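For reference, data_14.txt is printed below; it contains compact mmCIF, C-alpha atoms.
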# COMPACT_ATOMS: atom_id res chain seq x y z
CA MET Z 375 41.46 77.16 -6.49
CA LEU Z 376 41.13 79.79 -3.80
CA CYS Z 377 37.63 79.51 -2.36
CA MET Z 378 35.38 82.45 -1.59
CA ALA Z 379 33.71 83.10 1.68
CA GLN Z 380 30.11 84.19 1.53
CA ALA Z 381 30.07 87.91 0.69
CA LEU Z 382 26.97 89.36 2.24
CA ALA Z 383 27.46 92.77 0.59
CA TRP Z 384 24.64 95.15 1.40
CA GLU Z 385 22.49 92.39 2.96
CA ASN Z 386 18.88 93.63 2.80
CA HIS Z 387 18.73 95.67 -0.42
CA SER Z 388 15.19 96.95 -0.03
CA PHE Z 389 15.90 99.90 2.26
CA PRO Z 390 18.75 101.45 0.21
CA SER Z 391 16.70 100.77 -2.93
CA TYR Z 392 13.75 102.72 -1.51
CA ARG Z 393 16.03 105.69 -0.86
CA ALA Z 394 17.80 105.42 -4.22
CA LEU Z 395 14.59 105.32 -6.27
CA GLU Z 396 12.13 107.42 -4.28
CA LYS Z 397 13.11 110.66 -6.07
CA LEU Z 398 13.28 109.12 -9.56
CA HIS Z 399 10.22 110.61 -11.24
CA GLU Z 400 9.79 107.59 -13.53
CA VAL Z 401 9.06 105.60 -10.37
CA ALA Z 402 7.69 108.21 -7.96
CA ASP Z 403 5.17 109.52 -10.49
CA ALA Z 404 4.19 106.14 -11.93
CA ALA Z 405 0.61 105.05 -11.44
CA PRO Z 406 -0.14 102.24 -9.00
CA VAL Z 407 -0.26 98.81 -10.58
CA ALA Z 408 -2.38 95.74 -9.96
CA ALA Z 409 -0.58 92.81 -8.38
CA GLU Z 410 -0.59 89.77 -10.63
CA PRO Z 411 0.49 86.17 -10.03
CA LEU Z 412 3.43 85.03 -12.14
CA GLU Z 413 1.27 82.27 -13.58
CA VAL Z 414 -1.08 84.85 -15.16
CA PHE Z 415 1.80 86.68 -16.86
CA LEU Z 416 3.24 83.41 -18.18
CA ARG Z 417 -0.11 82.15 -19.44
CA SER Z 418 -0.88 85.43 -21.20
CA GLU Z 419 2.49 85.92 -22.88
CA GLU Z 420 3.97 82.48 -23.35
CA LYS Z 421 4.66 82.92 -27.07
CA THR Z 422 6.55 86.19 -26.57
CA ILE Z 423 8.34 84.70 -23.57
CA GLU Z 424 9.39 81.71 -25.68
CA ALA Z 425 10.98 84.07 -28.22
CA LEU Z 426 12.61 86.23 -25.55
CA LEU Z 427 14.20 83.34 -23.68
CA ALA Z 428 15.60 82.00 -26.96
CA SER Z 429 17.15 85.42 -27.66
CA GLN Z 430 18.55 85.56 -24.12
CA GLU Z 431 20.31 82.26 -24.66
CA ALA Z 432 21.77 83.43 -27.97
CA TRP Z 433 23.04 86.59 -26.25
CA ALA Z 434 24.65 84.60 -23.42
CA VAL Z 435 26.44 82.24 -25.82
CA ALA Z 436 27.78 85.20 -27.81
CA ASN Z 437 28.75 87.48 -24.92
CA LEU Z 438 29.66 85.54 -21.77
CA GLU Z 439 33.06 83.92 -21.31
CA GLN Z 440 32.97 80.24 -20.37
CA TYR Z 441 29.19 80.25 -20.49
CA PRO Z 442 27.86 76.67 -20.50
CA PRO Z 443 25.05 76.64 -23.08
CA ARG Z 444 21.65 75.78 -21.76
CA PRO Z 445 20.67 72.19 -22.54
CA ALA Z 446 18.23 72.12 -25.44
CA THR Z 447 15.73 70.16 -23.35
CA LEU Z 448 15.30 73.18 -21.07
CA ALA Z 449 14.20 75.61 -23.78
CA PHE Z 450 10.85 77.19 -22.95
CA THR Z 451 8.12 76.25 -25.41
CA ALA Z 452 4.64 77.71 -25.48
CA SER Z 453 2.15 75.04 -24.44
CA PRO Z 454 -1.41 76.43 -24.29
CA ASN Z 455 -2.77 73.22 -22.82
CA ALA Z 456 -0.21 73.02 -20.01
CA GLY Z 457 -1.26 73.67 -16.42
CA ASP Z 458 -0.05 76.78 -14.60
CA ASP Z 459 2.32 74.87 -12.33
CA THR Z 460 3.89 73.03 -15.27
CA ARG Z 461 4.33 76.24 -17.26
CA LYS Z 462 5.86 78.07 -14.29
CA ARG Z 463 8.35 75.27 -13.65
CA ALA Z 464 9.30 75.16 -17.34
CA PHE Z 465 9.88 78.93 -17.32
CA LEU Z 466 12.08 78.83 -14.22
CA MET Z 467 14.09 75.89 -15.56
CA ALA Z 468 14.60 77.69 -18.88
CA LEU Z 469 16.07 80.58 -16.89
CA ARG Z 470 18.13 78.04 -14.94
CA VAL Z 471 17.02 79.39 -11.58
CA ALA Z 472 15.76 77.21 -8.74
CA PRO Z 473 12.44 75.79 -9.99
CA ASN Z 474 11.00 75.73 -6.46
CA SER Z 475 11.28 79.54 -6.25
CA LYS Z 476 7.98 80.81 -4.93
CA PHE Z 477 7.50 84.29 -6.42
CA ALA Z 478 4.82 84.93 -3.82
CA LEU Z 479 2.77 88.13 -3.90
CA TYR Z 480 4.22 90.33 -1.16
CA LEU Z 481 5.88 93.65 -0.41
CA GLN Z 482 8.77 94.40 1.90
CA PRO Z 483 7.70 97.70 3.47
CA ASP Z 484 9.82 100.82 3.67
CA PRO Z 485 10.57 101.37 7.38
CA TRP Z 486 10.22 105.11 6.81
CA ASN Z 487 6.75 104.76 5.31
CA PRO Z 488 5.30 101.60 6.84
CA LEU Z 489 2.64 99.60 5.01
CA THR Z 490 -0.21 97.96 6.84
CA GLY Z 491 -1.48 94.54 6.01
CA PRO Z 492 -1.22 90.88 6.98
CA ALA Z 493 2.28 89.62 7.62
CA LEU Z 494 3.68 86.96 5.32
CA ALA Z 495 5.99 84.36 6.83
CA MET Z 496 9.43 84.23 5.26
CA ASP Z 497 9.00 80.59 4.32
CA ALA Z 498 5.98 81.52 2.22
CA ALA Z 499 8.24 83.63 -0.02
CA SER Z 500 11.65 82.02 0.40
CA THR Z 501 13.02 78.51 0.03
CA VAL Z 502 16.07 79.25 2.20
CA ALA Z 503 16.55 80.54 5.73
CA ASP Z 504 16.58 84.31 6.18
CA PRO Z 505 20.30 85.18 6.15
CA SER Z 506 19.79 88.61 7.72
CA THR Z 507 19.01 87.47 11.29
CA GLY Z 508 15.39 88.47 11.02
CA ASN Z 509 15.46 92.03 9.68
CA ARG Z 510 13.08 91.23 6.83
CA HIS Z 511 9.37 91.80 7.32
CA LEU Z 512 6.97 90.90 4.52
CA ILE Z 513 3.41 92.07 3.88
CA ALA Z 514 1.09 89.75 1.94
CA ILE Z 515 -0.78 91.18 -1.03
CA LYS Z 516 -3.44 89.61 -3.24
CA SER Z 517 -4.00 89.41 -6.97
CA GLY Z 518 -5.59 92.66 -8.09
CA ASP Z 519 -4.37 94.74 -5.13
CA SER Z 520 -3.23 98.22 -6.13
CA VAL Z 521 0.43 98.69 -5.20
CA ALA Z 522 3.01 101.43 -5.63
CA PRO Z 523 5.72 100.72 -8.22
CA LEU Z 524 8.40 101.95 -5.77
CA ALA Z 525 7.39 99.30 -3.26
CA VAL Z 526 7.35 96.58 -5.92
CA VAL Z 527 10.78 97.34 -7.37
CA ALA Z 528 12.48 98.00 -4.01
CA SER Z 529 11.07 94.80 -2.53
CA ALA Z 530 12.26 92.78 -5.52
CA THR Z 531 15.87 94.00 -5.17
CA ASP Z 532 16.05 91.80 -2.08
CA GLU Z 533 14.25 88.78 -3.55
CA THR Z 534 17.28 87.04 -5.01
CA ASP Z 535 18.23 86.06 -1.45
CA PHE Z 536 15.06 83.98 -1.26
CA GLY Z 537 16.65 80.96 -2.96
CA LEU Z 538 16.55 81.94 -6.62
CA ASP Z 539 20.22 81.07 -7.23
CA ALA Z 540 20.65 78.34 -4.64
CA PHE Z 541 21.90 74.81 -5.43
CA LEU Z 542 22.25 75.21 -9.21
CA TRP Z 543 25.64 73.51 -9.70
CA ASN Z 544 26.22 69.96 -10.86
CA ASP Z 545 27.66 69.08 -7.45
CA SER Z 546 24.78 70.67 -5.53
CA PRO Z 547 22.35 68.43 -3.61
CA SER Z 548 19.20 69.43 -5.48
CA GLU Z 549 16.98 67.42 -7.79
CA TRP Z 550 17.39 69.97 -10.60
CA ALA Z 551 21.16 70.61 -10.49
CA GLN Z 552 21.96 67.69 -12.80
CA TYR Z 553 19.75 69.13 -15.53
CA TYR Z 554 21.19 72.64 -15.60
CA ASP Z 555 24.72 71.75 -16.70
CA PHE Z 556 26.42 74.73 -15.06
CA GLY Z 557 29.25 72.39 -14.10
CA PRO Z 558 30.79 72.05 -10.65
CA ILE Z 559 30.75 75.14 -8.47
CA PRO Z 560 33.80 77.29 -9.41
CA PHE Z 561 34.40 78.35 -5.81
CA GLY Z 562 32.67 77.98 -2.48
CA ASP Z 563 30.47 75.23 -1.09
CA ALA Z 564 27.92 73.73 -3.49
CA ASN Z 565 26.09 72.20 -0.51
CA SER Z 566 25.38 75.54 1.16
CA ALA Z 567 22.36 77.58 0.04
CA ALA Z 568 24.13 80.87 0.74
CA ALA Z 569 27.53 79.94 -0.70
CA SER Z 570 26.12 78.19 -3.76
CA GLN Z 571 24.48 81.40 -4.97
CA GLU Z 572 27.64 83.49 -4.74
CA PRO Z 573 28.99 82.85 -8.28
CA PHE Z 574 25.76 84.46 -9.53
CA HIS Z 575 26.36 87.54 -7.37
CA MET Z 576 30.01 88.25 -8.21
CA ALA Z 577 31.78 89.11 -11.45
CA PHE Z 578 35.57 89.20 -11.70
CA MET Z 579 35.70 91.01 -15.03
CA HIS Z 580 39.10 92.69 -14.82
CA GLU Z 581 41.60 90.34 -13.19
CA SER Z 582 45.02 89.75 -14.74
CA ARG Z 583 45.44 87.23 -17.57
CA THR Z 584 47.82 85.24 -15.40
CA LEU Z 585 45.26 84.99 -12.62
CA TYR Z 586 42.58 83.83 -15.06
CA TRP Z 587 45.01 81.21 -16.36
CA ALA Z 588 45.78 79.93 -12.86
CA MET Z 589 42.17 80.18 -11.66
CA PRO Z 590 39.88 79.67 -14.66
CA GLY Z 591 36.88 79.44 -12.38
CA LEU Z 592 37.01 83.22 -12.00
CA HIS Z 593 35.35 83.44 -15.42
CA ARG Z 594 32.49 81.20 -14.36
CA THR Z 595 30.42 83.84 -12.63
CA PHE Z 596 26.98 84.64 -13.98
CA LEU Z 597 25.95 87.96 -12.49
CA ALA Z 598 25.79 89.51 -15.98
CA LEU Z 599 23.58 86.67 -17.18
CA ARG Z 600 21.02 87.26 -14.44
CA ASN Z 601 21.03 91.01 -14.95
CA TYR Z 602 20.38 90.58 -18.67
CA GLN Z 603 17.69 87.95 -18.18
CA PHE Z 604 15.63 90.01 -15.77
CA SER Z 605 16.23 93.34 -17.51
CA THR Z 606 14.86 92.00 -20.77
CA LEU Z 607 11.98 90.23 -19.03
CA ALA Z 608 11.08 93.52 -17.35
CA ALA Z 609 11.03 95.37 -20.66
CA LEU Z 610 8.85 92.66 -22.20
CA ALA Z 611 6.41 92.77 -19.27
CA PHE Z 612 6.06 96.54 -19.59
CA ARG Z 613 5.56 96.30 -23.36
CA THR Z 614 2.84 93.69 -23.04
CA GLY Z 615 0.80 95.48 -20.36
CA HIS Z 616 1.99 93.56 -17.29
CA ALA Z 617 3.33 96.55 -15.36
CA TYR Z 618 3.49 94.74 -12.03
CA TRP Z 619 5.96 92.23 -13.48
CA GLY Z 620 7.77 95.03 -15.29
CA TRP Z 621 8.58 96.61 -11.94
CA ARG Z 622 9.24 93.31 -10.17
CA PHE Z 623 11.60 91.95 -12.82
CA SER Z 624 13.29 95.37 -12.84
CA GLY Z 625 14.02 95.01 -9.14
CA LEU Z 626 15.50 91.56 -9.66
CA ALA Z 627 17.73 92.91 -12.44
CA LEU Z 628 18.88 95.84 -10.30
CA ARG Z 629 19.94 93.53 -7.49
CA TYR Z 630 22.73 91.95 -9.52
CA LEU Z 631 24.05 95.36 -10.58
CA GLN Z 632 23.91 96.58 -6.98
CA ASP Z 633 25.99 93.61 -5.84
CA LEU Z 634 28.73 94.58 -8.28
CA THR Z 635 29.13 98.03 -6.69
CA GLU Z 636 30.69 96.28 -3.67
CA PRO Z 637 34.48 95.93 -4.22
CA TYR Z 638 34.75 92.42 -2.80
CA ARG Z 639 32.33 91.20 -5.47
CA ALA Z 640 34.25 92.83 -8.32
CA ARG Z 641 37.80 91.86 -7.35
CA LEU Z 642 39.16 88.63 -5.95
CA SER Z 643 41.13 90.57 -3.36
CA PRO Z 644 40.90 94.36 -3.35
CA ASN Z 645 44.12 94.92 -1.41
CA ASP Z 646 46.38 92.10 -2.64
CA ALA Z 647 48.46 91.95 -5.79
CA SER Z 648 47.84 89.09 -8.22
CA ILE Z 649 51.32 87.73 -7.54
CA LYS Z 650 50.45 87.16 -3.88
CA LEU Z 651 47.31 85.23 -4.80
CA LEU Z 652 49.26 83.18 -7.34
CA GLY Z 653 51.90 82.45 -4.73
CA ALA Z 654 49.33 81.21 -2.24
CA GLN Z 655 47.69 79.01 -4.88
CA THR Z 656 51.03 77.60 -6.08
CA LEU Z 657 52.31 76.81 -2.59
CA ALA Z 658 49.04 75.08 -1.73
CA ALA Z 659 49.33 72.95 -4.86
CA LEU Z 660 52.82 71.92 -3.70
CA GLY Z 661 51.55 70.89 -0.30
CA PHE Z 662 52.32 74.08 1.64
CA GLY Z 663 48.87 75.40 2.37
CA SER Z 664 49.37 77.74 5.33
CA MET Z 665 49.65 80.91 3.22
CA LYS Z 666 46.46 80.04 1.35
CA SER Z 667 44.64 79.13 4.57
CA ASP Z 668 45.66 82.41 6.19
CA TYR Z 669 44.59 84.35 3.13
CA LEU Z 670 41.19 82.67 3.04
CA ALA Z 671 40.61 83.23 6.75
CA LEU Z 672 41.49 86.92 6.52
CA ARG Z 673 39.42 87.45 3.39
CA SER Z 674 36.44 85.74 4.99
CA ASN Z 675 36.70 87.82 8.15
CA ARG Z 676 37.07 91.11 6.28
CA ILE Z 677 34.11 90.45 4.01
CA ARG Z 678 31.92 89.48 6.95
CA VAL Z 679 33.03 92.40 9.13
CA LEU Z 680 32.31 94.89 6.35
CA ALA Z 681 28.95 93.23 5.67
CA LYS Z 682 27.92 93.32 9.32
CA TYR Z 683 29.01 96.94 9.69
CA GLN Z 684 27.01 97.91 6.58
CA SER Z 685 24.03 95.92 7.81
CA GLU Z 686 24.04 97.49 11.27
CA LEU Z 687 24.33 100.97 9.74
CA MET Z 688 21.42 100.37 7.37
CA ASP Z 689 19.29 98.87 10.15
CA ASN Z 690 19.93 101.89 12.37
CA LEU Z 691 19.10 104.30 9.58
CA ALA Z 692 15.93 102.41 8.75
CA GLN Z 693 14.63 102.11 12.28
CA ASN Z 694 15.65 105.57 13.50
CA LYS Z 695 14.65 107.41 10.31
CA SER Z 696 18.06 109.06 10.35
CA ASP Z 697 18.53 111.22 7.29
CA CYS Z 698 22.31 111.27 7.49
CA GLY Z 699 24.95 111.34 4.77
CA PHE Z 700 24.27 107.76 3.70
CA CYS Z 701 20.63 108.41 2.83
CA LYS Z 702 21.45 111.74 1.22
CA ALA Z 703 24.00 109.97 -0.97
CA LEU Z 704 21.41 107.39 -1.96
CA ARG Z 705 18.94 110.09 -3.01
CA ASN Z 706 21.45 112.40 -4.72
CA THR Z 707 20.99 112.27 -8.50
CA ASP Z 708 23.74 114.75 -9.38
CA LYS Z 709 26.17 112.10 -10.68
CA ASP Z 710 23.68 110.11 -12.72
CA LYS Z 711 24.36 111.96 -15.96
CA SER Z 712 28.12 111.72 -15.54
CA TYR Z 713 27.87 108.07 -16.59
CA PRO Z 714 27.04 106.70 -20.04
CA GLU Z 715 23.49 105.63 -20.78
CA TRP Z 716 22.63 102.11 -19.75
CA SER Z 717 23.72 99.44 -22.21
CA GLU Z 718 24.79 95.82 -22.25
CA ARG Z 719 28.36 97.01 -21.57
CA TYR Z 720 27.50 99.12 -18.53
CA LEU Z 721 28.36 96.45 -15.96
CA ARG Z 722 31.76 95.72 -17.50
CA ASP Z 723 32.72 99.24 -18.56
CA VAL Z 724 31.31 101.35 -15.73
CA VAL Z 725 30.25 99.49 -12.58
CA SER Z 726 33.05 96.94 -12.29
CA PRO Z 727 36.00 99.32 -12.90
CA GLN Z 728 34.60 101.81 -10.42
CA ALA Z 729 34.21 99.16 -7.70
CA ILE Z 730 37.72 97.87 -8.38
CA GLN Z 731 39.16 101.39 -8.16
CA ALA Z 732 37.54 101.90 -4.76
CA GLY Z 733 38.67 98.50 -3.46
CA PRO Z 734 42.12 99.28 -2.04
CA ARG Z 735 40.81 102.39 -0.26
CA VAL Z 736 37.91 100.45 1.26
CA ALA Z 737 40.18 97.61 2.35
CA SER Z 738 42.68 100.00 3.90
CA ALA Z 739 39.98 101.93 5.75
CA LEU Z 740 38.43 98.70 7.01
CA LEU Z 741 41.76 97.51 8.44
CA ALA Z 742 42.27 100.83 10.22
CA ALA Z 743 38.76 101.19 11.63
CA MET Z 744 38.15 97.66 12.93
CA PRO Z 745 39.67 95.84 15.92
CA PRO Z 746 42.74 93.94 14.67
CA ALA Z 747 41.38 90.59 15.82
CA TYR Z 748 38.47 90.93 13.38
CA VAL Z 749 40.46 91.74 10.26
CA SER Z 750 44.15 90.91 10.80
CA ASP Z 751 44.24 87.65 12.76
CA PRO Z 752 43.84 84.54 10.54
CA LEU Z 753 43.25 82.41 13.65
CA TYR Z 754 40.13 84.37 14.62
CA ASP Z 755 36.81 83.17 13.19
CA PHE Z 756 34.58 86.22 12.96
CA ALA Z 757 31.63 84.24 11.59
CA ALA Z 758 31.61 82.00 14.64
CA ASN Z 759 31.41 85.02 16.94
CA ALA Z 760 29.43 87.50 14.86
CA ALA Z 761 26.05 86.93 16.53
CA GLY Z 762 27.36 88.34 19.79
CA ILE Z 763 29.21 91.30 18.29
CA SER Z 764 28.00 94.84 17.63
CA VAL Z 765 30.50 96.08 15.09
CA LEU Z 766 29.13 99.61 15.42
CA ALA Z 767 29.83 99.56 19.15
CA GLU Z 768 33.34 98.20 18.65
CA VAL Z 769 34.19 100.80 16.02
CA ALA Z 770 32.89 103.56 18.30
CA LYS Z 771 35.68 102.69 20.76
CA ARG Z 772 38.38 103.33 18.17
CA ASP Z 773 39.84 106.42 16.52
CA PRO Z 774 36.93 108.56 15.27
CA ALA Z 775 39.01 109.64 12.27
CA ASP Z 776 39.29 106.04 11.10
CA ARG Z 777 35.54 105.51 11.35
CA THR Z 778 34.92 108.76 9.48
CA ARG Z 779 37.21 107.62 6.69
CA LEU Z 780 35.40 104.29 6.38
CA ASP Z 781 31.98 105.93 6.54
CA ASN Z 782 32.98 108.41 3.83
CA LEU Z 783 33.97 105.55 1.56
CA LEU Z 784 30.71 103.70 2.25
CA THR Z 785 28.87 106.91 1.44
CA GLU Z 786 30.70 106.97 -1.89
CA LEU Z 787 29.80 103.33 -2.59
CA LEU Z 788 26.15 103.91 -1.73
CA GLY Z 789 26.09 106.88 -4.09
CA ASN Z 790 27.39 104.60 -6.84
CA PHE Z 791 24.84 101.93 -5.89
CA ALA Z 792 22.07 104.50 -6.30
CA SER Z 793 23.21 106.21 -9.51
CA HIS Z 794 23.74 102.94 -11.32
CA SER Z 795 20.39 101.59 -10.10
CA ARG Z 796 18.61 104.65 -11.46
CA ASN Z 797 20.47 104.55 -14.76
CA ALA Z 798 19.70 100.86 -15.22
CA LEU Z 799 16.03 101.39 -14.45
CA ARG Z 800 15.88 104.25 -16.94
CA GLY Z 801 17.43 101.92 -19.49
CA ILE Z 802 14.85 99.21 -18.84
CA LEU Z 803 12.03 101.70 -19.22
CA ARG Z 804 13.49 103.01 -22.52
CA ALA Z 805 13.72 99.45 -23.81
CA SER Z 806 10.07 98.90 -22.91
CA ASN Z 807 8.99 101.72 -25.24
CA PRO Z 808 10.93 101.18 -28.50
CA MET Z 809 10.52 103.98 -31.05

Would you write out, as C-alpha cells, the structure that this file holds?
Amino acid sequence: MLCMAQALAWENHSFPSYRALEKLHEVADAAPVAAEPLEVFLRSEEKTIEALLASQEAWAVANLEQYPPRPATLAFTASPNAGDDTRKRAFLMALRVAPNSKFALYLQPDPWNPLTGPALAMDAASTVADPSTGNRHLIAIKSGDSVAPLAVVASATDETDFGLDAFLWNDSPSEWAQYYDFGPIPFGDANSAAASQEPFHMAFMHESRTLYWAMPGLHRTFLALRNYQFSTLAALAFRTGHAYWGWRFSGLALRYLQDLTEPYRARLSPNDASIKLLGAQTLAALGFGSMKSDYLALRSNRIRVLAKYQSELMDNLAQNKSDCGFCKALRNTDKDKSYPEWSERYLRDVVSPQAIQAGPRVASALLAAMPPAYVSDPLYDFAANAAGISVLAEVAKRDPADRTRLDNLLTELLGNFASHSRNALRGILRASNPM
C-alpha cells in the first residue's frame, strides 16, 4: 500500500503543553506531588493494575477495528514475590509498549520558567536518538522530590518520542516484536525507530469505504488504544493515591490526542481526493509506479516542511519568550465549553473530524507559503537537505500574505490542540473521582 513518511507533527510537545495547561486551575492550583519510581507504583497497586489491564484489553477488542487481541501469555498477573524489574517488564509487555522503556525520573523544563537541577542525558530517559536535533533538555529528579503537576504532565506529553512505541511490529528487529502479535507494520519502515512508531501516532478514522477496502492497513493504527490505556491508568493512579503517576500517565495520554489535531495524522492526504490515491495504488500494482512515487515524495516533503516550520516557530517562541498569537491561542480557554465533555468517542467524533476539515486549508496554505522546490517538486528530497535549511528564513522571503494565512491556520490548530488537551485532562480527573 501507499507508505507514510515520518510525520513529525508538533515535534517537542512540552512547550505547547505548558502554555495550554498553565491556566487550567485543576493543574495550576494542584498541590506539588512527590516523584515516585514506576516500580513503587506497580508494587503497591499490582492487583488493581491487573484488573485494569484486563478491562483495557476487553475494551480494545470491543471498540477498535482490526485490533489484534493481546496474546494471553502477556496478560499482567499480580505476583507479590516478583522482583521490581520483572514486574515492570511484565507491565510494559502487557501494554504492548517497548519493554526497554526507561520511565526515568526527570522533568523537561519550561523555557519560560526554567528549572534548576542536574541535567539528565537523553539516553538515560530514551532508548532512541533525539529526533528534534537537540532541542530537548532534561532535568533529573529523585524519588520523593516535590514537583509541580504542570511540569510533570507537560514533560510527559513529549515522552512517547523516547522509544515507547518503537519496533513493536512482527517484522521489526527487536527481541520483543515476535511476542506482541501486532502483525507486520501497516505502512512505513518497521526497521526504523521513528517510522515504526507512526501507526501508533496516526488514526485514519474517516476515510472512504473504498479506500479502506483498497488499503486495509489504514485501520491498523492504534492511537486510540494508547490514549485509552494511559487515560485509564492515570485515573487509577489518582484514585489510589499515586498523584505523580496520575499526572505523568495523563501527559502520555494527552500526547496521542495532540497528535490527532494535526491534519496529516488524521487524513491520508488532506488535499487529494480518494480517487487519486486509488489511482496511484492501482497503477503501481500494475507495474506503473511513477504516480505513486511522485505522490509519496510530495507527501513526505510537505509533512516534513510543515513539521520543521512548526518546530522552528515553537523554538523561537520558547527561547525568545514571545507572547504572540500562537501562545495566546494555546492559553485561550474560550472554546473549551463549545465541545462535548470528554468521552471514549471524543477522538473519533470531535478531534478527528475537526483536523480533517482543516486539512485542505492547511495544505493549500502550505503550498502557497513555501518555496515550490520544497513542496511541489517530487524530485527534491527535503529530508536530505533539511539540516541546512531555515524554513522560517525562506518563508520570510516570500509573500507576507501567504505566511500570514499559514500562521493563522497554525494558530487555529494550536487552539484546538490546547482545548482538547484541557478537556481530556478534565475528563481524566473526573474519572479519578467517581461519585

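Residues having any atom no farther than 8 Å from (8.5, 95.9, -9.5) (counting all atoms listed in the file) are Pro523, Leu524, Ala525, Val526, Val527, Ala528, Ser529, Ala530, Ala617, Tyr618, Trp619, Gly620, Trp621, Arg622, Phe623, Ser624 and Gly625 of chain Z.
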
Store the residues picked out above in a file with C-alpha atoms, as a PDB file, keeping the file's coordinate frame.
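The result, stored in again13.pdb:
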ATOM      1  CA  PRO Z 523       5.720 100.720  -8.220  1.00  0.00           C
ATOM      2  CA  LEU Z 524       8.400 101.950  -5.770  1.00  0.00           C
ATOM      3  CA  ALA Z 525       7.390  99.300  -3.260  1.00  0.00           C
ATOM      4  CA  VAL Z 526       7.350  96.580  -5.920  1.00  0.00           C
ATOM      5  CA  VAL Z 527      10.780  97.340  -7.370  1.00  0.00           C
ATOM      6  CA  ALA Z 528      12.480  98.000  -4.010  1.00  0.00           C
ATOM      7  CA  SER Z 529      11.070  94.800  -2.530  1.00  0.00           C
ATOM      8  CA  ALA Z 530      12.260  92.780  -5.520  1.00  0.00           C
ATOM      9  CA  ALA Z 617       3.330  96.550 -15.360  1.00  0.00           C
ATOM     10  CA  TYR Z 618       3.490  94.740 -12.030  1.00  0.00           C
ATOM     11  CA  TRP Z 619       5.960  92.230 -13.480  1.00  0.00           C
ATOM     12  CA  GLY Z 620       7.770  95.030 -15.290  1.00  0.00           C
ATOM     13  CA  TRP Z 621       8.580  96.610 -11.940  1.00  0.00           C
ATOM     14  CA  ARG Z 622       9.240  93.310 -10.170  1.00  0.00           C
ATOM     15  CA  PHE Z 623      11.600  91.950 -12.820  1.00  0.00           C
ATOM     16  CA  SER Z 624      13.290  95.370 -12.840  1.00  0.00           C
ATOM     17  CA  GLY Z 625      14.020  95.010  -9.140  1.00  0.00           C
TER      18      GLY Z 625
END

Discussion item. Please list as a VMD selection string every residue within 12 Å of Z:Val749, counting all atoms listed in the file and excluding residues in the same chain fewer than 4 positions away.
Written reply: chain Z and resid 668 to 680 737 to 745 753 to 757 765

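We find atom CA of Z:Asp458 and atom CA of Z:Glu413 to be spaced 5.7 Å apart.
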
Worksheet item: Pick from Z:His616, Z:Arg417, Z:His575, Z:Arg444: nearest to Z:Phe596, with only C-alpha atoms counted?
Response: Z:His575

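With only C-alpha atoms as the atoms that count, the minimum distance from Z:Ser429 to the choices Z:Tyr602, Z:Glu533, Z:Leu628, Z:Arg777 is reached by Z:Tyr602.
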
Enclose the full set of atoms of stretch 391-406 of chain Z listed in the file within a box whose edges lie along x, y and z, apply 6 Å of padding to each of the six sides, and report centre and edge lengths in Å to one decimal as lines of an AutoDock Vina configuration file.
center_x = 8.8
center_y = 105.7
center_z = -7.2
size_x = 29.9
size_y = 21.9
size_z = 24.7

Fill in: Spatial neighbours of Z:Pro411, 8 Å, all atoms listed in the file, chain gap at least 4 places, as a PyMOL selection string
chain Z and resi 415+478-479+517

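The spacing separating atom CA of Z:Val414 from atom CA of Z:Asp539 amounts to 23.0 Å.
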
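Distances to Z:Arg639 were evaluated for Z:Ala499, Z:Leu592, Z:Leu784, Z:Ala805 using only C-alpha atoms, and the minimum falls at Z:Leu592.
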
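Look at Z:Ala792: the protein and nucleic acid residues within 8 Å of it, using all atoms listed in the file and passing over chain neighbours fewer than 5 places away, are Z:Pro390, Z:Ser391, Z:Ala394, Z:Leu395, Z:Ala703, Z:Leu704, Z:Arg705.
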
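Relative to atom CA of Z:Glu439, atom CA of Z:Glu572 is found at 17.4 Å.
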
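Ranking Z:Thr595, Z:Ser605, Z:Asn706, Z:Gln684 by their shortest atom-to-atom distance to Z:Tyr441, with all atoms listed in the file included, puts Z:Thr595 first.
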
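Each of Z:Ala425, Z:Ile515, Z:Leu687, Z:Met579 was compared to Z:Asp723 using all atoms listed in the file, and Z:Met579 turns out to be the nearest.
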